[in-house]
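What follows is work.txt (compact mmCIF, C-alpha atoms (C1' of nucleotides)).
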```txt
# COMPACT_ATOMS: atom_id res chain seq x y z
CA MET A 1 -44.96 -9.75 15.90
CA ASP A 2 -41.29 -9.68 16.82
CA ALA A 3 -41.37 -13.42 17.39
CA VAL A 4 -43.14 -14.05 14.09
CA PHE A 5 -40.55 -12.15 12.10
CA SER A 6 -37.56 -13.61 13.88
CA ALA A 7 -38.96 -17.12 13.66
CA LEU A 8 -39.31 -16.71 9.91
CA ALA A 9 -35.86 -15.17 9.59
CA ASP A 10 -34.33 -18.63 9.63
CA PRO A 11 -34.41 -20.46 6.29
CA ARG A 12 -34.81 -23.84 7.93
CA ARG A 13 -37.85 -22.65 9.77
CA ARG A 14 -39.29 -21.22 6.58
CA ARG A 15 -38.78 -24.60 4.96
CA MET A 16 -40.63 -26.18 7.85
CA VAL A 17 -43.49 -23.81 7.30
CA ALA A 18 -43.41 -24.67 3.61
CA VAL A 19 -43.64 -28.37 4.44
CA LEU A 20 -46.58 -27.69 6.72
CA ARG A 21 -48.35 -25.95 3.89
CA HIS A 22 -49.25 -29.42 2.64
CA GLY A 23 -50.93 -30.30 5.88
CA GLU A 24 -50.37 -31.68 9.32
CA THR A 25 -46.96 -33.36 9.57
CA SER A 26 -45.16 -35.26 12.32
CA ALA A 27 -41.93 -33.95 13.83
CA GLY A 28 -40.13 -36.98 12.42
CA ASP A 29 -41.41 -36.41 8.89
CA ILE A 30 -40.39 -32.76 9.06
CA GLU A 31 -36.98 -33.84 10.27
CA ARG A 32 -36.61 -36.19 7.30
CA ALA A 33 -38.00 -33.66 4.84
CA LEU A 34 -35.33 -31.17 5.87
CA ASP A 35 -32.60 -33.75 6.42
CA ALA A 36 -31.75 -32.21 9.77
CA ASP A 37 -30.84 -33.80 13.06
CA GLN A 38 -33.54 -34.52 15.60
CA PRO A 39 -32.77 -32.14 18.50
CA SER A 40 -32.25 -29.22 16.20
CA THR A 41 -35.52 -29.93 14.41
CA SER A 42 -37.33 -30.08 17.72
CA ARG A 43 -35.78 -26.83 18.87
CA HIS A 44 -36.72 -25.03 15.65
CA LEU A 45 -40.25 -26.34 15.90
CA ARG A 46 -40.36 -24.92 19.39
CA VAL A 47 -39.42 -21.50 18.10
CA LEU A 48 -42.22 -21.68 15.55
CA ARG A 49 -44.58 -22.85 18.25
CA ASP A 50 -43.58 -20.06 20.64
CA ALA A 51 -44.15 -17.57 17.83
CA GLY A 52 -47.63 -19.00 17.41
CA LEU A 53 -46.99 -19.95 13.81
CA VAL A 54 -47.63 -23.63 14.33
CA ARG A 55 -49.58 -25.70 16.78
CA VAL A 56 -48.99 -29.25 17.86
CA ARG A 57 -51.28 -32.17 18.54
CA LYS A 58 -50.30 -35.39 20.25
CA ALA A 59 -51.02 -38.69 18.54
CA ALA A 60 -49.55 -41.47 20.66
CA GLN A 61 -45.79 -40.96 20.62
CA ARG A 62 -45.93 -38.68 17.61
CA ARG A 63 -46.38 -34.93 17.61
CA LEU A 64 -48.34 -33.65 14.65
CA TYR A 65 -47.61 -30.08 13.65
CA SER A 66 -49.75 -27.78 11.58
CA LEU A 67 -49.83 -24.15 10.55
CA VAL A 68 -51.76 -21.51 12.44
CA PRO A 69 -53.33 -19.34 9.74
CA ALA A 70 -54.09 -16.51 12.18
CA ARG A 71 -50.45 -15.63 12.66
CA LEU A 72 -49.74 -15.48 8.98
CA ALA A 73 -52.88 -13.43 8.58
CA GLU A 74 -51.46 -10.95 11.11
CA LEU A 75 -48.34 -10.65 9.04
CA ASP A 76 -50.50 -10.04 6.02
CA ALA A 77 -52.38 -7.35 7.91
CA TRP A 78 -49.12 -5.66 8.82
CA LEU A 79 -48.02 -5.70 5.22
CA GLY A 80 -51.40 -4.35 4.23
CA ASP A 81 -50.43 -0.93 5.52
CA TYR A 82 -47.66 -0.81 2.95
CA ARG A 83 -49.31 -2.55 0.06
CA HIS A 84 -50.20 0.67 -1.73
CA PHE A 85 -46.48 1.32 -2.11
CA TRP A 86 -46.10 -1.22 -4.83
CA THR A 87 -49.63 -1.52 -6.11
CA SER A 88 -50.35 2.11 -6.95
CA LYS A 89 -49.25 3.48 -10.28
CA LEU A 90 -47.54 6.40 -8.63
CA ASP A 91 -45.36 4.09 -6.66
CA ALA A 92 -44.77 1.82 -9.59
CA LEU A 93 -42.94 4.83 -10.96
CA GLU A 94 -41.07 5.14 -7.71
CA LEU A 95 -40.19 1.48 -7.94
CA HIS A 96 -38.84 2.14 -11.39
CA LEU A 97 -36.73 5.02 -10.11
CA ASN A 98 -35.27 2.81 -7.41
CA GLN A 99 -34.03 0.37 -9.94
CA GLU A 100 -31.99 3.07 -11.59
CA THR A 101 -30.26 4.07 -8.38
CA MET B 1 -35.24 -13.05 2.43
CA ASP B 2 -33.47 -13.96 5.68
CA ALA B 3 -32.24 -10.41 5.98
CA VAL B 4 -35.67 -8.95 5.32
CA PHE B 5 -37.30 -11.00 8.03
CA SER B 6 -34.59 -10.44 10.60
CA ALA B 7 -34.46 -6.73 9.86
CA LEU B 8 -38.19 -6.50 10.50
CA ALA B 9 -37.93 -8.61 13.63
CA ASP B 10 -36.86 -5.56 15.61
CA PRO B 11 -39.69 -3.27 16.72
CA ARG B 12 -37.57 -0.16 16.38
CA ARG B 13 -36.80 -1.01 12.82
CA ARG B 14 -40.47 -1.62 12.12
CA ARG B 15 -41.20 1.80 13.58
CA MET B 16 -38.58 3.27 11.27
CA VAL B 17 -40.28 1.63 8.34
CA ALA B 18 -43.58 3.03 9.58
CA VAL B 19 -42.09 6.53 9.71
CA LEU B 20 -40.78 6.13 6.18
CA ARG B 21 -44.24 5.23 5.02
CA HIS B 22 -44.94 8.96 5.05
CA GLY B 23 -42.11 9.66 2.68
CA GLU B 24 -38.42 10.36 2.49
CA THR B 25 -37.01 11.24 5.91
CA SER B 26 -33.57 12.27 7.15
CA ALA B 27 -31.67 10.09 9.62
CA GLY B 28 -31.91 12.86 12.18
CA ASP B 29 -35.67 13.16 11.84
CA ILE B 30 -36.04 9.40 12.19
CA GLU B 31 -33.86 9.55 15.28
CA ARG B 32 -36.09 12.22 16.80
CA ALA B 33 -39.29 10.46 15.77
CA LEU B 34 -38.17 7.37 17.65
CA ASP B 35 -36.48 9.23 20.47
CA ALA B 36 -33.43 7.02 20.12
CA ASP B 37 -29.74 7.81 20.35
CA GLN B 38 -27.83 8.65 17.24
CA PRO B 39 -25.39 5.74 16.79
CA SER B 40 -28.04 3.17 17.45
CA THR B 41 -30.36 4.82 14.95
CA SER B 42 -27.63 4.84 12.37
CA ARG B 43 -26.91 1.16 12.93
CA HIS B 44 -30.54 0.15 12.69
CA LEU B 45 -30.85 2.10 9.47
CA ARG B 46 -27.85 0.21 8.20
CA VAL B 47 -29.55 -3.10 8.91
CA LEU B 48 -32.58 -1.95 6.95
CA ARG B 49 -30.33 -0.75 4.16
CA ASP B 50 -28.40 -4.03 4.05
CA ALA B 51 -31.69 -5.88 3.87
CA GLY B 52 -32.63 -3.72 0.89
CA LEU B 53 -35.72 -2.39 2.63
CA VAL B 54 -34.63 1.23 2.45
CA ARG B 55 -32.40 3.25 0.23
CA VAL B 56 -30.46 6.39 1.05
CA ARG B 57 -29.74 9.57 -0.85
CA LYS B 58 -27.22 12.21 0.10
CA ALA B 59 -28.30 15.82 0.43
CA ALA B 60 -25.39 17.87 1.76
CA GLN B 61 -24.64 16.49 5.26
CA ARG B 62 -28.02 14.86 5.48
CA ARG B 63 -28.92 11.34 4.49
CA LEU B 64 -32.46 10.99 3.24
CA TYR B 65 -33.96 7.57 3.67
CA SER B 66 -36.93 6.08 1.86
CA LEU B 67 -38.66 2.75 1.50
CA VAL B 68 -37.86 0.31 -1.26
CA PRO B 69 -41.26 -1.07 -2.28
CA ALA B 70 -39.73 -3.99 -4.15
CA ARG B 71 -38.52 -5.68 -0.99
CA LEU B 72 -41.85 -5.41 0.72
CA ALA B 73 -43.42 -6.71 -2.45
CA GLU B 74 -41.16 -9.77 -2.20
CA LEU B 75 -42.41 -10.38 1.29
CA ASP B 76 -45.93 -10.07 -0.01
CA ALA B 77 -45.13 -12.59 -2.72
CA TRP B 78 -43.79 -15.03 -0.15
CA LEU B 79 -46.93 -14.65 1.90
CA GLY B 80 -48.98 -15.16 -1.23
CA ASP B 81 -48.19 -18.87 -1.16
CA TYR B 82 -49.97 -19.12 2.16
CA ARG B 83 -52.79 -16.68 1.67
CA HIS B 84 -55.37 -19.33 0.87
CA PHE B 85 -54.93 -20.62 4.42
CA TRP B 86 -56.84 -17.78 5.94
CA THR B 87 -58.92 -16.59 3.03
CA SER B 88 -60.85 -19.77 2.44
CA LYS B 89 -63.99 -20.27 4.48
CA LEU B 90 -62.77 -23.59 5.76
CA ASP B 91 -59.72 -21.97 7.24
CA ALA B 92 -61.63 -19.01 8.54
CA LEU B 93 -63.25 -21.55 10.79
CA GLU B 94 -59.87 -22.87 11.73
CA LEU B 95 -58.74 -19.32 12.48
CA HIS B 96 -61.67 -18.96 14.79
CA LEU B 97 -60.79 -22.15 16.61
CA ASN B 98 -57.22 -20.99 17.11
CA GLN B 99 -58.32 -17.80 18.77
CA GLU B 100 -59.97 -19.82 21.48
CA THR B 101 -56.78 -21.69 22.28
C1' DA C 1 -9.36 32.04 0.16
C1' DC C 2 -8.12 30.11 4.85
C1' DC C 3 -9.03 28.54 9.24
C1' DA C 4 -11.92 27.30 13.08
C1' DT C 5 -16.11 25.53 14.37
C1' DA C 6 -20.78 23.52 13.92
C1' DT C 7 -23.88 20.08 12.15
C1' DA C 8 -25.22 15.50 10.37
C1' DT C 9 -24.12 10.92 10.06
C1' DA C 10 -21.28 6.80 10.21
C1' DT C 11 -17.97 3.62 12.22
C1' DG C 12 -14.82 1.28 15.79
C1' DA C 13 -14.26 -1.22 20.02
C1' DA C 14 -15.78 -3.50 24.41
C1' DG C 15 -19.10 -5.77 26.94
C1' DA C 16 -23.82 -7.82 27.75
C1' DA C 17 -27.64 -10.36 26.00
C1' DC C 18 -29.32 -13.62 22.88
C1' DA C 19 -29.55 -17.41 19.45
C1' DA C 20 -27.64 -21.59 17.13
C1' DT C 21 -25.18 -26.09 17.12
C1' DA C 22 -23.78 -30.55 18.93
C1' DT C 23 -23.84 -34.09 22.22
C1' DA C 24 -25.99 -36.35 25.74
C1' DT C 25 -29.90 -37.49 28.43
C1' DA C 26 -34.79 -37.67 29.91
C1' DC C 27 -39.75 -38.23 29.15
C1' DG C 28 -44.11 -40.41 27.68
C1' DC C 29 -46.51 -43.80 25.06
C1' DC C 30 -46.86 -48.25 22.91
C1' DG D 1 -37.64 -52.12 26.52
C1' DG D 2 -38.00 -49.44 22.24
C1' DC D 3 -39.57 -45.52 19.65
C1' DG D 4 -40.52 -40.68 18.84
C1' DT D 5 -39.75 -36.38 20.68
C1' DA D 6 -38.21 -32.96 23.93
C1' DT D 7 -34.95 -30.81 27.02
C1' DA D 8 -30.26 -29.87 29.50
C1' DT D 9 -25.73 -28.33 28.91
C1' DA D 10 -21.58 -26.58 26.95
C1' DT D 11 -19.77 -23.97 23.35
C1' DT D 12 -19.58 -20.87 19.80
C1' DG D 13 -21.35 -17.18 17.04
C1' DT D 14 -24.44 -12.95 16.46
C1' DT D 15 -26.60 -8.93 17.68
C1' DC D 16 -27.41 -4.70 20.59
C1' DT D 17 -25.84 -0.94 23.33
C1' DT D 18 -22.77 2.67 24.72
C1' DC D 19 -18.97 5.71 24.46
C1' DA D 20 -15.68 7.59 21.69
C1' DT D 21 -14.02 8.95 17.39
C1' DA D 22 -14.02 9.72 12.31
C1' DT D 23 -15.74 11.77 7.90
C1' DA D 24 -18.20 15.03 5.18
C1' DT D 25 -20.44 19.28 4.39
C1' DA D 26 -21.68 23.89 5.75
C1' DT D 27 -21.03 28.49 7.96
C1' DG D 28 -18.81 32.62 9.81
C1' DG D 29 -14.82 35.51 10.73
C1' DT D 30 -10.73 37.41 9.18
```
Would you mind writing the structure in this file as structure tokens?
Amino acid sequence: MDAVFSALADPRRRRMVAVLRHGETSAGDIERALDADQPSTSRHLRVLRDAGLVRVRKAAQRRLYSLVPARLAELDAWLGDYRHFWTSKLDALELHLNQET
Amino acid sequence: MDAVFSALADPRRRRMVAVLRHGETSAGDIERALDADQPSTSRHLRVLRDAGLVRVRKAAQRRLYSLVPARLAELDAWLGDYRHFWTSKLDALELHLNQET
DNA sequence: ACCATATATATGAAGAACAATATATACGCC
DNA sequence: GGCGTATATATTGTTCTTCATATATATGGT
């Protein structure tokens, strides 16, 4: 879970994840989509991979990346424990009080 | 959003958030709940505060911390864009396949 | 009311551990 | 050999930890 959160803490990596939302994408296409340099792209993809957020598949010289739903589902499960905080009426009031502070 | 993710990347800070799920808690009580030293606790609370995940209220010498639902709701909203990945049947299958890897 | 002390929390500074960036180089497949 | 991608290395920047100190409020004695 640590790795998931810290992987997503970087805006470039979140943009990568956003790109992957549209389906399997090659490292090169991700690189171009983000207009980043190649080694840095590769390194960031590695962080996402190590966090289990993406998986990679070889296709000749290309590496095709895609999202791993399970990891995002875990994050969702974690958040689930807190969801009542902003969904319940009682806490909607609390939310309102916060805004005044 | 960066700050939210990186604040939650630390397990101690996630435990703090978990403690705060039960309601407003003083810095000292959080410190004891986590069995951590005082300065470190204070600093971690600051990170959570800077990320907007908690707010603080003064009561004499005590500082009473509580969760800010809005920030967690933002996280939930971000996740929302991806939710269909693991809720659809097609991707439930995919989730299953990942677990074998 | 004044002073000393206690309690609760925050901040400063120094060092270790960790992460990011850039440049260069290596690997594997066609 | 050329292409797509990954890794090594050096450097710089961030974050965490610890010890020491600072600030604010409360309490008790005189």
One decimal, Å: what's the distance from atom CA of Arg71 of chain A over to atom CA of Ile30 of chain A, could you say?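 Taking atom CA of Arg71 of chain A as the start and atom CA of Ile30 of chain A as the end point, the length is 20.2 Å.
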Between atom CA of Leu67 of chain B and atom CA of His44 of chain B - distance in Å to one decimal: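 The value is 14.1 Å.
Near Asp37 of chain B, within 12 Å and counting all atoms listed in the file, sit B:Arg12, B:Ala27, B:Gly28, B:Asp29, B:Ile30, B:Glu31, B:Arg32, B:Ala33, B:Leu34, B:Ser40, B:Thr41, B:Ser42, B:Arg43, B:His44, D:DT17, D:DT18, D:DC19, not including residues fewer than 3 positions from it in the same chain.
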Take chain B, superimpose it onto chain A by least squares using every C-alpha atom paired in sequence order, and output the result as a PDB file with C-alpha atoms, keeping the file's coordinate frame.
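Now in part_9.pdb:
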```pdb
ATOM      1  CA  MET B   1     -45.255  -9.642  16.243  1.00  0.00           C
ATOM      2  CA  ASP B   2     -41.562  -9.572  17.182  1.00  0.00           C
ATOM      3  CA  ALA B   3     -41.625 -13.314  17.625  1.00  0.00           C
ATOM      4  CA  VAL B   4     -43.355 -13.883  14.306  1.00  0.00           C
ATOM      5  CA  PHE B   5     -40.796 -11.890  12.387  1.00  0.00           C
ATOM      6  CA  SER B   6     -37.790 -13.361  14.138  1.00  0.00           C
ATOM      7  CA  ALA B   7     -39.141 -16.881  13.800  1.00  0.00           C
ATOM      8  CA  LEU B   8     -39.481 -16.362  10.060  1.00  0.00           C
ATOM      9  CA  ALA B   9     -36.051 -14.783   9.820  1.00  0.00           C
ATOM     10  CA  ASP B  10     -34.461 -18.223   9.739  1.00  0.00           C
ATOM     11  CA  PRO B  11     -34.511 -19.955   6.350  1.00  0.00           C
ATOM     12  CA  ARG B  12     -34.886 -23.386   7.890  1.00  0.00           C
ATOM     13  CA  ARG B  13     -37.935 -22.276   9.750  1.00  0.00           C
ATOM     14  CA  ARG B  14     -39.384 -20.785   6.586  1.00  0.00           C
ATOM     15  CA  ARG B  15     -38.795 -24.119   4.882  1.00  0.00           C
ATOM     16  CA  MET B  16     -40.626 -25.821   7.730  1.00  0.00           C
ATOM     17  CA  VAL B  17     -43.531 -23.483   7.226  1.00  0.00           C
ATOM     18  CA  ALA B  18     -43.409 -24.267   3.517  1.00  0.00           C
ATOM     19  CA  VAL B  19     -43.561 -27.996   4.262  1.00  0.00           C
ATOM     20  CA  LEU B  20     -46.532 -27.444   6.544  1.00  0.00           C
ATOM     21  CA  ARG B  21     -48.315 -25.661   3.757  1.00  0.00           C
ATOM     22  CA  HIS B  22     -49.138 -29.116   2.420  1.00  0.00           C
ATOM     23  CA  GLY B  23     -50.834 -30.113   5.620  1.00  0.00           C
ATOM     24  CA  GLU B  24     -50.244 -31.580   9.032  1.00  0.00           C
ATOM     25  CA  THR B  25     -46.804 -33.182   9.264  1.00  0.00           C
ATOM     26  CA  SER B  26     -44.973 -35.097  11.987  1.00  0.00           C
ATOM     27  CA  ALA B  27     -41.760 -33.728  13.490  1.00  0.00           C
ATOM     28  CA  GLY B  28     -39.885 -36.682  12.062  1.00  0.00           C
ATOM     29  CA  ASP B  29     -41.179 -36.098   8.551  1.00  0.00           C
ATOM     30  CA  ILE B  30     -40.250 -32.427   8.778  1.00  0.00           C
ATOM     31  CA  GLU B  31     -36.803 -33.451   9.959  1.00  0.00           C
ATOM     32  CA  ARG B  32     -36.385 -35.736   6.955  1.00  0.00           C
ATOM     33  CA  ALA B  33     -37.824 -33.195   4.532  1.00  0.00           C
ATOM     34  CA  LEU B  34     -35.197 -30.697   5.625  1.00  0.00           C
ATOM     35  CA  ASP B  35     -32.438 -33.231   6.111  1.00  0.00           C
ATOM     36  CA  ALA B  36     -31.626 -31.723   9.483  1.00  0.00           C
ATOM     37  CA  ASP B  37     -30.653 -33.332  12.764  1.00  0.00           C
ATOM     38  CA  GLN B  38     -33.304 -34.165  15.274  1.00  0.00           C
ATOM     39  CA  PRO B  39     -32.607 -31.833  18.224  1.00  0.00           C
ATOM     40  CA  SER B  40     -32.155 -28.848  15.999  1.00  0.00           C
ATOM     41  CA  THR B  41     -35.402 -29.609  14.202  1.00  0.00           C
ATOM     42  CA  SER B  42     -37.199 -29.899  17.488  1.00  0.00           C
ATOM     43  CA  ARG B  43     -35.818 -26.572  18.672  1.00  0.00           C
ATOM     44  CA  HIS B  44     -36.746 -24.763  15.491  1.00  0.00           C
ATOM     45  CA  LEU B  45     -40.245 -26.165  15.737  1.00  0.00           C
ATOM     46  CA  ARG B  46     -40.380 -24.837  19.258  1.00  0.00           C
ATOM     47  CA  VAL B  47     -39.513 -21.353  18.050  1.00  0.00           C
ATOM     48  CA  LEU B  48     -42.327 -21.543  15.522  1.00  0.00           C
ATOM     49  CA  ARG B  49     -44.656 -22.841  18.202  1.00  0.00           C
ATOM     50  CA  ASP B  50     -43.693 -20.082  20.642  1.00  0.00           C
ATOM     51  CA  ALA B  51     -44.327 -17.543  17.915  1.00  0.00           C
ATOM     52  CA  GLY B  52     -47.789 -19.040  17.462  1.00  0.00           C
ATOM     53  CA  LEU B  53     -47.127 -19.868  13.826  1.00  0.00           C
ATOM     54  CA  VAL B  54     -47.694 -23.585  14.257  1.00  0.00           C
ATOM     55  CA  ARG B  55     -49.634 -25.744  16.614  1.00  0.00           C
ATOM     56  CA  VAL B  56     -48.954 -29.314  17.658  1.00  0.00           C
ATOM     57  CA  ARG B  57     -51.169 -32.303  18.292  1.00  0.00           C
ATOM     58  CA  LYS B  58     -50.132 -35.534  19.938  1.00  0.00           C
ATOM     59  CA  ALA B  59     -50.740 -38.828  18.181  1.00  0.00           C
ATOM     60  CA  ALA B  60     -49.139 -41.624  20.195  1.00  0.00           C
ATOM     61  CA  GLN B  61     -45.370 -40.906  20.186  1.00  0.00           C
ATOM     62  CA  ARG B  62     -45.686 -38.612  17.225  1.00  0.00           C
ATOM     63  CA  ARG B  63     -46.206 -34.883  17.278  1.00  0.00           C
ATOM     64  CA  LEU B  64     -48.194 -33.602  14.342  1.00  0.00           C
ATOM     65  CA  TYR B  65     -47.525 -30.019  13.419  1.00  0.00           C
ATOM     66  CA  SER B  66     -49.701 -27.690  11.380  1.00  0.00           C
ATOM     67  CA  LEU B  67     -49.857 -24.042  10.441  1.00  0.00           C
ATOM     68  CA  VAL B  68     -51.846 -21.504  12.394  1.00  0.00           C
ATOM     69  CA  PRO B  69     -53.393 -19.288   9.711  1.00  0.00           C
ATOM     70  CA  ALA B  70     -54.269 -16.562  12.194  1.00  0.00           C
ATOM     71  CA  ARG B  71     -50.656 -15.602  12.769  1.00  0.00           C
ATOM     72  CA  LEU B  72     -49.887 -15.348   9.104  1.00  0.00           C
ATOM     73  CA  ALA B  73     -53.052 -13.336   8.728  1.00  0.00           C
ATOM     74  CA  GLU B  74     -51.705 -10.909  11.341  1.00  0.00           C
ATOM     75  CA  LEU B  75     -48.573 -10.493   9.308  1.00  0.00           C
ATOM     76  CA  ASP B  76     -50.725  -9.848   6.286  1.00  0.00           C
ATOM     77  CA  ALA B  77     -52.652  -7.239   8.240  1.00  0.00           C
ATOM     78  CA  TRP B  78     -49.432  -5.507   9.234  1.00  0.00           C
ATOM     79  CA  LEU B  79     -48.313  -5.445   5.635  1.00  0.00           C
ATOM     80  CA  GLY B  80     -51.701  -4.097   4.653  1.00  0.00           C
ATOM     81  CA  ASP B  81     -50.765  -0.693   6.044  1.00  0.00           C
ATOM     82  CA  TYR B  82     -47.990  -0.486   3.492  1.00  0.00           C
ATOM     83  CA  ARG B  83     -49.588  -2.159   0.527  1.00  0.00           C
ATOM     84  CA  HIS B  84     -50.495   1.076  -1.214  1.00  0.00           C
ATOM     85  CA  PHE B  85     -46.771   1.768  -1.546  1.00  0.00           C
ATOM     86  CA  TRP B  86     -46.306  -0.751  -4.278  1.00  0.00           C
ATOM     87  CA  THR B  87     -49.802  -1.068  -5.653  1.00  0.00           C
ATOM     88  CA  SER B  88     -50.253   2.509  -6.744  1.00  0.00           C
ATOM     89  CA  LYS B  89     -48.983   3.423 -10.182  1.00  0.00           C
ATOM     90  CA  LEU B  90     -46.861   6.198  -8.789  1.00  0.00           C
ATOM     91  CA  ASP B  91     -45.004   3.768  -6.606  1.00  0.00           C
ATOM     92  CA  ALA B  92     -44.771   1.161  -9.298  1.00  0.00           C
ATOM     93  CA  LEU B  93     -42.558   3.684 -10.994  1.00  0.00           C
ATOM     94  CA  GLU B  94     -40.599   4.093  -7.824  1.00  0.00           C
ATOM     95  CA  LEU B  95     -40.258   0.315  -7.599  1.00  0.00           C
ATOM     96  CA  HIS B  96     -38.836   0.316 -11.068  1.00  0.00           C
ATOM     97  CA  LEU B  97     -36.306   2.971 -10.167  1.00  0.00           C
ATOM     98  CA  ASN B  98     -35.172   0.997  -7.141  1.00  0.00           C
ATOM     99  CA  GLN B  99     -34.441  -2.058  -9.209  1.00  0.00           C
ATOM    100  CA  GLU B 100     -31.892  -0.089 -11.152  1.00  0.00           C
ATOM    101  CA  THR B 101     -30.012   0.911  -8.025  1.00  0.00           C
TER     102      THR B 101
END
```
Who sits within 7 Å of Arg62 of chain B, only C-alpha atoms (C1' of nucleotides), same chain under 3 positions skipped, as a VMD selection string: (chain B and resid 26 58 to 59) or (chain C and resid 8)
For Ala7 of chain B, list every protein, DNA or RNA residue within 10 Å, evaluated using all atoms listed in the file, and leave out those in the same chain fewer than 4 positions away; present the list as a PyMOL selection string. (chain A and resi 5-6+9) or (chain B and resi 1-3+11-14+44-53)
Given 6 Å of margin on each side, can you work out the centre and size in Å (one decimal) of an axis-aligned box holding every listed atom of segment 1-7 of chain D, as AutoDock Vina command-line options?
```
--center_x -37.7 --center_y -41.5 --center_z 22.9 --size_x 17.6 --size_y 33.3 --size_z 20.2
```
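A straight line drawn from atom C1' of DC16 of chain D to atom C1' of DG15 of chain C is 10.5 Å long.
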Return as a PyMOL selection string the residues belonging to chain C that are within 10 Å of chain B, counting only C-alpha atoms (C1' of nucleotides). chain C and resi 7-11
Chain A residues near chain B within 8 Å, closest pair each, using only C-alpha atoms, as JSON lines:
```
{"residue": "A:Met1", "atom": "CA", "partner": "B:Ala9", "partner_atom": "CA", "distance": 7.5}
{"residue": "A:Asp2", "atom": "CA", "partner": "B:Ala9", "partner_atom": "CA", "distance": 4.8}
{"residue": "A:Ala3", "atom": "CA", "partner": "B:Ala9", "partner_atom": "CA", "distance": 7.0}
{"residue": "A:Val4", "atom": "CA", "partner": "B:Ala9", "partner_atom": "CA", "distance": 7.5}
{"residue": "A:Phe5", "atom": "CA", "partner": "B:Ala9", "partner_atom": "CA", "distance": 4.7}
{"residue": "A:Ser6", "atom": "CA", "partner": "B:Ala9", "partner_atom": "CA", "distance": 5.0}
{"residue": "A:Leu8", "atom": "CA", "partner": "B:Phe5", "partner_atom": "CA", "distance": 6.3}
{"residue": "A:Ala9", "atom": "CA", "partner": "B:Phe5", "partner_atom": "CA", "distance": 4.7}
{"residue": "A:Asp10", "atom": "CA", "partner": "B:Asp2", "partner_atom": "CA", "distance": 6.2}
{"residue": "A:Pro11", "atom": "CA", "partner": "B:Asp2", "partner_atom": "CA", "distance": 6.6}
{"residue": "A:Arg21", "atom": "CA", "partner": "B:Tyr82", "partner_atom": "CA", "distance": 7.2}
{"residue": "A:Val68", "atom": "CA", "partner": "B:Asn98", "partner_atom": "CA", "distance": 7.2}
{"residue": "A:Pro69", "atom": "CA", "partner": "B:Trp86", "partner_atom": "CA", "distance": 5.4}
{"residue": "A:Ala70", "atom": "CA", "partner": "B:Leu95", "partner_atom": "CA", "distance": 5.4}
{"residue": "A:Leu72", "atom": "CA", "partner": "B:Leu79", "partner_atom": "CA", "distance": 7.7}
{"residue": "A:Ala73", "atom": "CA", "partner": "B:Trp86", "partner_atom": "CA", "distance": 6.4}
{"residue": "A:Asp76", "atom": "CA", "partner": "B:Leu79", "partner_atom": "CA", "distance": 7.1}
{"residue": "A:Leu79", "atom": "CA", "partner": "B:Asp76", "partner_atom": "CA", "distance": 7.1}
{"residue": "A:Tyr82", "atom": "CA", "partner": "B:Arg21", "partner_atom": "CA", "distance": 7.2}
{"residue": "A:Arg83", "atom": "CA", "partner": "B:Ala73", "partner_atom": "CA", "distance": 7.6}
{"residue": "A:Phe85", "atom": "CA", "partner": "B:Pro69", "partner_atom": "CA", "distance": 5.7}
{"residue": "A:Trp86", "atom": "CA", "partner": "B:Pro69", "partner_atom": "CA", "distance": 5.5}
{"residue": "A:Asp91", "atom": "CA", "partner": "B:Pro69", "partner_atom": "CA", "distance": 7.9}
{"residue": "A:Leu95", "atom": "CA", "partner": "B:Pro69", "partner_atom": "CA", "distance": 6.3}
{"residue": "A:Asn98", "atom": "CA", "partner": "B:Val68", "partner_atom": "CA", "distance": 7.1}
```
Calculated over only C-alpha atoms (C1' of nucleotides), which of the candidates D:DT25, D:DT30, D:DT12, D:DT5 has the smallest distance to chain B?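 Distance minimum relative to chain B lands on D:DT25.
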Which chain D residues are at most 10 Å from chain A (counting all atoms listed in the file), as a list in words?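 Contact residues on the first chain: DC3, DG4, DT5, DA6 and DT7 of chain D.
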Select, from A:Tyr65, A:Arg15, A:Ala77, A:Leu20, the residue with the minimum atom-to-atom distance to Ala36 of chain A, counting all atoms listed in the file.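 Nearest candidate to Ala36 of chain A out of A:Tyr65, A:Arg15, A:Ala77, A:Leu20: A:Arg15.
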Restricting to all atoms listed in the file, whichever of C:DA6, C:DA22, C:DA16, C:DC30 is closest to DT9 of chain D is C:DA22
Since the input is missing atoms, can you rebuild N, CA and C atoms for segment 35-41 of chain A and write them as a PDB file, keeping the file's coordinate frame?
```pdb
ATOM      1  N   ASP A  35     -33.879 -33.067   6.225  1.00  0.00           N
ATOM      2  CA  ASP A  35     -32.600 -33.750   6.420  1.00  0.00           C
ATOM      3  C   ASP A  35     -31.780 -33.072   7.527  1.00  0.00           C
ATOM      4  N   ALA A  36     -32.441 -32.842   8.642  1.00  0.00           N
ATOM      5  CA  ALA A  36     -31.750 -32.210   9.770  1.00  0.00           C
ATOM      6  C   ALA A  36     -31.702 -33.197  10.939  1.00  0.00           C
ATOM      7  N   ASP A  37     -30.900 -32.893  11.923  1.00  0.00           N
ATOM      8  CA  ASP A  37     -30.840 -33.800  13.060  1.00  0.00           C
ATOM      9  C   ASP A  37     -32.039 -33.560  13.986  1.00  0.00           C
ATOM     10  N   GLN A  38     -32.323 -34.534  14.800  1.00  0.00           N
ATOM     11  CA  GLN A  38     -33.540 -34.520  15.600  1.00  0.00           C
ATOM     12  C   GLN A  38     -33.623 -33.388  16.632  1.00  0.00           C
ATOM     13  N   PRO A  39     -32.626 -33.194  17.486  1.00  0.00           N
ATOM     14  CA  PRO A  39     -32.770 -32.140  18.500  1.00  0.00           C
ATOM     15  C   PRO A  39     -32.930 -30.757  17.892  1.00  0.00           C
ATOM     16  N   SER A  40     -32.178 -30.514  16.854  1.00  0.00           N
ATOM     17  CA  SER A  40     -32.250 -29.220  16.200  1.00  0.00           C
ATOM     18  C   SER A  40     -33.630 -28.995  15.588  1.00  0.00           C
ATOM     19  N   THR A  41     -34.173 -30.019  14.968  1.00  0.00           N
ATOM     20  CA  THR A  41     -35.520 -29.930  14.410  1.00  0.00           C
ATOM     21  C   THR A  41     -36.527 -29.587  15.513  1.00  0.00           C
TER      22      THR A  41
END
```
